[in-house]
$ cat protein31.txt   # compact mmCIF, C-alpha atoms
# COMPACT_ATOMS: atom_id res chain seq x y z
CA MET A 1 -169.82 113.77 90.21
CA GLU A 2 -170.64 113.59 93.89
CA ASN A 3 -167.86 113.86 96.45
CA TRP A 4 -168.40 110.77 98.62
CA LYS A 5 -165.64 111.70 101.09
CA LEU A 6 -167.17 115.04 102.05
CA ARG A 7 -170.69 113.60 102.02
CA THR A 8 -169.63 110.75 104.29
CA ALA A 9 -167.71 113.11 106.61
CA GLY A 10 -170.77 115.35 106.77
CA LEU A 11 -173.07 112.46 107.57
CA LEU A 12 -170.75 111.30 110.36
CA LEU A 13 -170.66 114.80 111.91
CA PHE A 14 -174.40 115.25 111.53
CA VAL A 15 -175.34 111.86 113.01
CA GLY A 16 -172.71 112.15 115.73
CA GLY A 17 -173.85 115.63 116.74
CA VAL A 18 -177.56 114.83 116.73
CA GLN A 19 -177.17 111.61 118.73
CA ASN A 20 -174.90 113.41 121.21
CA PHE A 21 -177.33 116.28 121.66
CA LEU A 22 -180.26 113.90 122.15
CA ALA A 23 -178.23 111.78 124.56
CA ILE A 24 -177.52 114.88 126.67
CA VAL A 25 -181.25 115.62 126.87
CA VAL A 26 -182.08 112.00 127.76
CA ALA A 27 -179.23 111.80 130.29
CA GLU A 28 -180.45 115.00 131.97
CA ALA A 29 -183.95 113.51 132.24
CA PHE A 30 -182.60 110.35 133.90
CA TYR A 31 -180.39 112.27 136.33
CA PRO A 32 -182.41 113.06 139.50
CA SER A 33 -182.45 116.77 140.37
CA TYR A 34 -180.10 117.68 137.51
CA SER A 35 -180.13 121.43 136.92
CA THR A 36 -178.96 122.94 133.64
CA ALA A 37 -178.29 126.14 135.57
CA GLN A 38 -176.19 124.59 138.33
CA ASN A 39 -174.74 121.33 136.98
CA PHE A 40 -171.96 120.93 134.45
CA VAL A 41 -172.73 118.81 131.41
CA SER A 42 -169.86 116.58 132.53
CA ASP A 43 -171.81 115.71 135.68
CA LEU A 44 -173.84 113.46 133.39
CA GLY A 45 -170.69 111.38 132.84
CA VAL A 46 -170.41 110.29 136.47
CA GLY A 47 -174.03 110.20 137.57
CA PRO A 48 -176.84 107.71 137.09
CA SER A 49 -177.04 108.49 133.37
CA ALA A 50 -173.30 108.05 132.78
CA LEU A 51 -173.63 105.14 130.37
CA ILE A 52 -175.93 107.07 128.04
CA PHE A 53 -173.87 110.25 128.09
CA ARG A 54 -170.43 108.67 127.94
CA SER A 55 -171.33 106.24 125.15
CA ALA A 56 -172.84 108.96 122.97
CA THR A 57 -169.98 111.40 123.55
CA PHE A 58 -167.32 108.76 122.91
CA LEU A 59 -169.08 107.70 119.69
CA PHE A 60 -169.27 111.32 118.53
CA GLY A 61 -165.54 111.79 119.19
CA ILE A 62 -164.69 108.70 117.12
CA LEU A 63 -167.02 109.73 114.28
CA GLY A 64 -165.38 113.15 114.38
CA LEU A 65 -161.91 111.67 113.95
CA VAL A 66 -163.04 109.58 110.96
CA SER A 67 -164.70 112.63 109.39
CA ILE A 68 -161.51 114.68 109.84
CA TYR A 69 -159.54 112.07 107.95
CA LEU A 70 -162.01 112.22 105.05
CA MET A 71 -162.27 116.03 105.05
CA HIS A 72 -158.53 116.58 105.18
CA GLN A 73 -158.12 114.60 101.97
CA GLU A 74 -160.39 117.11 100.24
CA PHE A 75 -159.80 120.41 102.03
CA LYS A 76 -156.09 119.94 102.73
CA SER A 77 -156.25 122.51 105.52
CA TRP A 78 -153.98 121.69 108.43
CA ALA A 79 -155.44 124.51 110.54
CA PHE A 80 -158.97 123.17 110.17
CA SER A 81 -158.01 119.51 110.51
CA LEU A 82 -155.86 120.12 113.58
CA SER A 83 -158.45 122.28 115.34
CA LEU A 84 -161.19 119.73 114.68
CA ALA A 85 -158.89 116.87 115.74
CA LEU A 86 -158.21 118.65 119.04
CA THR A 87 -161.97 119.05 119.44
CA SER A 88 -162.55 115.31 118.99
CA ILE A 89 -159.57 114.30 121.13
CA GLY A 90 -160.71 116.67 123.87
CA MET A 91 -164.21 115.23 123.65
CA ILE A 92 -162.98 111.64 123.94
CA GLY A 93 -160.55 112.63 126.69
CA THR A 94 -163.31 114.12 128.87
CA ILE A 95 -165.08 110.77 128.77
CA ILE A 96 -161.96 108.78 129.63
CA PHE A 97 -160.86 111.24 132.32
CA THR A 98 -164.16 112.10 134.00
CA GLU A 99 -164.67 114.60 136.81
CA ASP A 100 -162.95 112.03 139.04
CA PHE A 101 -159.72 113.44 137.51
CA PRO A 102 -160.51 117.16 137.94
CA LEU A 103 -157.37 118.77 136.53
CA ILE A 104 -157.06 116.53 133.46
CA HIS A 105 -160.81 116.70 132.84
CA SER A 106 -160.85 120.50 133.06
CA VAL A 107 -157.93 120.87 130.63
CA LEU A 108 -159.52 118.44 128.15
CA SER A 109 -162.88 120.22 128.45
CA LEU A 110 -161.19 123.55 127.69
CA ILE A 111 -159.41 122.03 124.68
CA PHE A 112 -162.66 120.49 123.42
CA ILE A 113 -164.77 123.65 123.65
CA LEU A 114 -162.05 126.13 122.60
CA PHE A 115 -161.08 124.22 119.49
CA ALA A 116 -164.71 123.54 118.58
CA GLY A 117 -165.12 127.32 118.45
CA VAL A 118 -161.90 127.75 116.47
CA SER A 119 -163.00 125.01 114.05
CA ALA A 120 -166.31 126.74 113.48
CA ILE A 121 -164.60 130.03 112.68
CA VAL A 122 -161.99 128.41 110.40
CA SER A 123 -164.70 126.47 108.54
CA TYR A 124 -166.02 129.68 106.95
CA LYS A 125 -163.70 129.17 103.97
CA PHE A 126 -165.38 125.86 103.12
CA GLU A 127 -168.91 127.28 103.15
CA LYS A 128 -170.91 129.79 101.18
CA ALA A 129 -172.84 132.73 102.55
CA PRO A 130 -174.88 132.89 104.69
CA LEU A 131 -173.79 129.64 106.38
CA ASN A 132 -170.19 130.83 106.64
CA TYR A 133 -171.37 133.82 108.69
CA VAL A 134 -173.45 131.56 110.94
CA SER A 135 -170.36 129.40 111.54
CA ILE A 136 -168.32 132.46 112.55
CA VAL A 137 -171.08 133.59 114.93
CA LEU A 138 -171.48 130.14 116.51
CA GLY A 139 -167.71 129.77 116.87
CA SER A 140 -167.49 133.22 118.45
CA VAL A 141 -170.37 132.44 120.84
CA THR A 142 -168.63 129.20 121.82
CA ILE A 143 -165.36 130.97 122.60
CA LEU A 144 -166.98 134.01 124.26
CA THR A 145 -169.12 131.91 126.57
CA LEU A 146 -166.10 129.76 127.40
CA VAL A 147 -164.18 132.89 128.39
CA LEU A 148 -167.13 134.07 130.52
CA LEU A 149 -167.41 130.62 132.10
CA VAL A 150 -163.71 130.44 132.99
CA SER A 151 -163.77 134.01 134.35
CA GLY A 152 -166.74 133.17 136.60
CA ASN A 153 -169.12 135.58 134.86
CA TYR A 154 -172.27 133.55 134.27
CA VAL A 155 -174.53 136.51 133.31
CA GLY A 156 -177.41 135.08 135.35
CA LEU A 157 -177.35 131.66 133.67
CA GLY A 158 -175.46 129.85 136.41
CA VAL A 159 -172.28 127.88 135.84
CA GLY A 160 -174.18 125.05 134.15
CA GLY A 161 -176.23 127.35 131.97
CA MET A 162 -173.12 129.13 130.70
CA GLU A 163 -171.41 125.82 129.97
CA HIS A 164 -174.52 124.53 128.18
CA ILE A 165 -174.61 127.60 125.91
CA SER A 166 -170.93 127.12 125.03
CA LEU A 167 -171.39 123.42 124.31
CA TYR A 168 -174.68 123.82 122.46
CA ALA A 169 -173.30 126.52 120.17
CA ALA A 170 -170.46 124.14 119.26
CA LEU A 171 -172.86 121.22 118.74
CA MET A 172 -175.18 123.31 116.57
CA TRP A 173 -172.23 124.27 114.38
CA LEU A 174 -171.02 120.67 114.09
CA ILE A 175 -174.52 119.50 113.14
CA GLY A 176 -175.00 122.32 110.65
CA PHE A 177 -171.57 121.89 109.10
CA GLY A 178 -172.16 118.17 108.83
CA ALA A 179 -175.48 118.77 107.08
CA HIS A 180 -173.78 121.24 104.74
CA LEU A 181 -171.15 118.68 103.77
CA THR A 182 -173.72 116.02 102.95
CA GLY A 183 -174.77 118.12 99.97
CA GLN A 184 -171.25 118.62 98.59
CA GLU A 185 -170.58 117.90 94.96
CA ARG A 186 -167.32 118.17 93.15
$ encode --input "protein31.txt" --output "structure tokens"
Amino acid sequence: MENWKLRTAGLLLFVGGVQNFLAIVVAEAFYPSYSTAQNFVSDLGVGPSALIFRSATFLFGILGLVSIYLMHQEFKSWAFSLSLALTSIGMIGTIIFTEDFPLIHSVLSLIFILFAGVSAIVSYKFEKAPLNYVSIVLGSVTILTLVLLVSGNYVGLGVGGMEHISLYAALMWLIGFGAHLTGQER
């Protein structure tokens, strides 16, 4: 028998992650002189492409919260559910409190990225090899690049490039994990 809760949660994460990733690319294209090396991803939330970026990110945060509810009923892991909930809440919070609220926005961005990395690492117990190893690597990359970003060490990528790597590693995990869940049977 197929597990509709996990399949639905997976579909929500997959669709949310893909549409968010594509919205970032489109928003960057519509933002004059946007530089992935020099601009933060959050700059897209206050610039000329704000509607595209903010709508997609908000939608992804909401889809994430619904998927957590469904997954928690099956996995019953408070550590995973809480870390993923903090990811979604942080994501939604960065859209509500844009760069116009620098301190709140920075804290919410840190929560979002940090707990996305933690979620990826914790998810290993719900996956089989080799995907569980990929999740650990992507979670570690997310956290490591966040640490480098906060410490001001951009390893030649620029502040925006470092932030993009951290965010994209988290998004790739969310998309991959979502795809994995769509094939769950129980």
$ residues_around --input "protein31.txt" --residues "Ser67 in chain A" --least-positions-apart "5" --cutoff "9 Å" --atoms "all atoms listed in the file" --output "ChimeraX atom specification"
/A:5-6,8-13,62,72
$ closest_residue --input "protein31.txt" --among "A:Phe112, A:Phe40, A:Phe75, A:Phe21" --to "Ile52 in chain A" --atoms "only C-alpha atoms"
A:Phe21
$ residues_around --input "protein31.txt" --residues "Ser106 in chain A" --least-positions-apart "2" --cutoff "12 Å" --atoms "all atoms listed in the file" --output "ChimeraX atom specification"
/A:40,42,90-91,93-95,97-104,108-114,150
$ closest_residue --input "protein31.txt" --among "A:Ser119, A:Leu63, A:Gly16, A:Gly160" --to "Ile136 in chain A" --atoms "all atoms listed in the file"
A:Ser119
$ residues_around --input "protein31.txt" --residues "Ile143 in chain A" --least-positions-apart "6" --cutoff "9 Å" --atoms "all atoms listed in the file" --output "MDAnalysis selection string"
chainID A and resid 113:118 166
$ atom_distance --input "protein31.txt" --atom1 "CA of Ser123 in chain A" --atom2 "CA of Ser135 in chain A"
7.0 Å
$ closest_residue --input "protein31.txt" --among "A:Leu86, A:Gln73, A:Ala179, A:Ala120" --to "Asn132 in chain A" --atoms "all atoms listed in the file"
A:Ala120
$ atom_distance --input "protein31.txt" --atom1 "CA of His105 in chain A" --atom2 "CA of Ser151 in chain A"
17.6 Å
$ atom_distance --input "protein31.txt" --atom1 "CA of Asp43 in chain A" --atom2 "CA of Ser55 in chain A"
14.2 Å
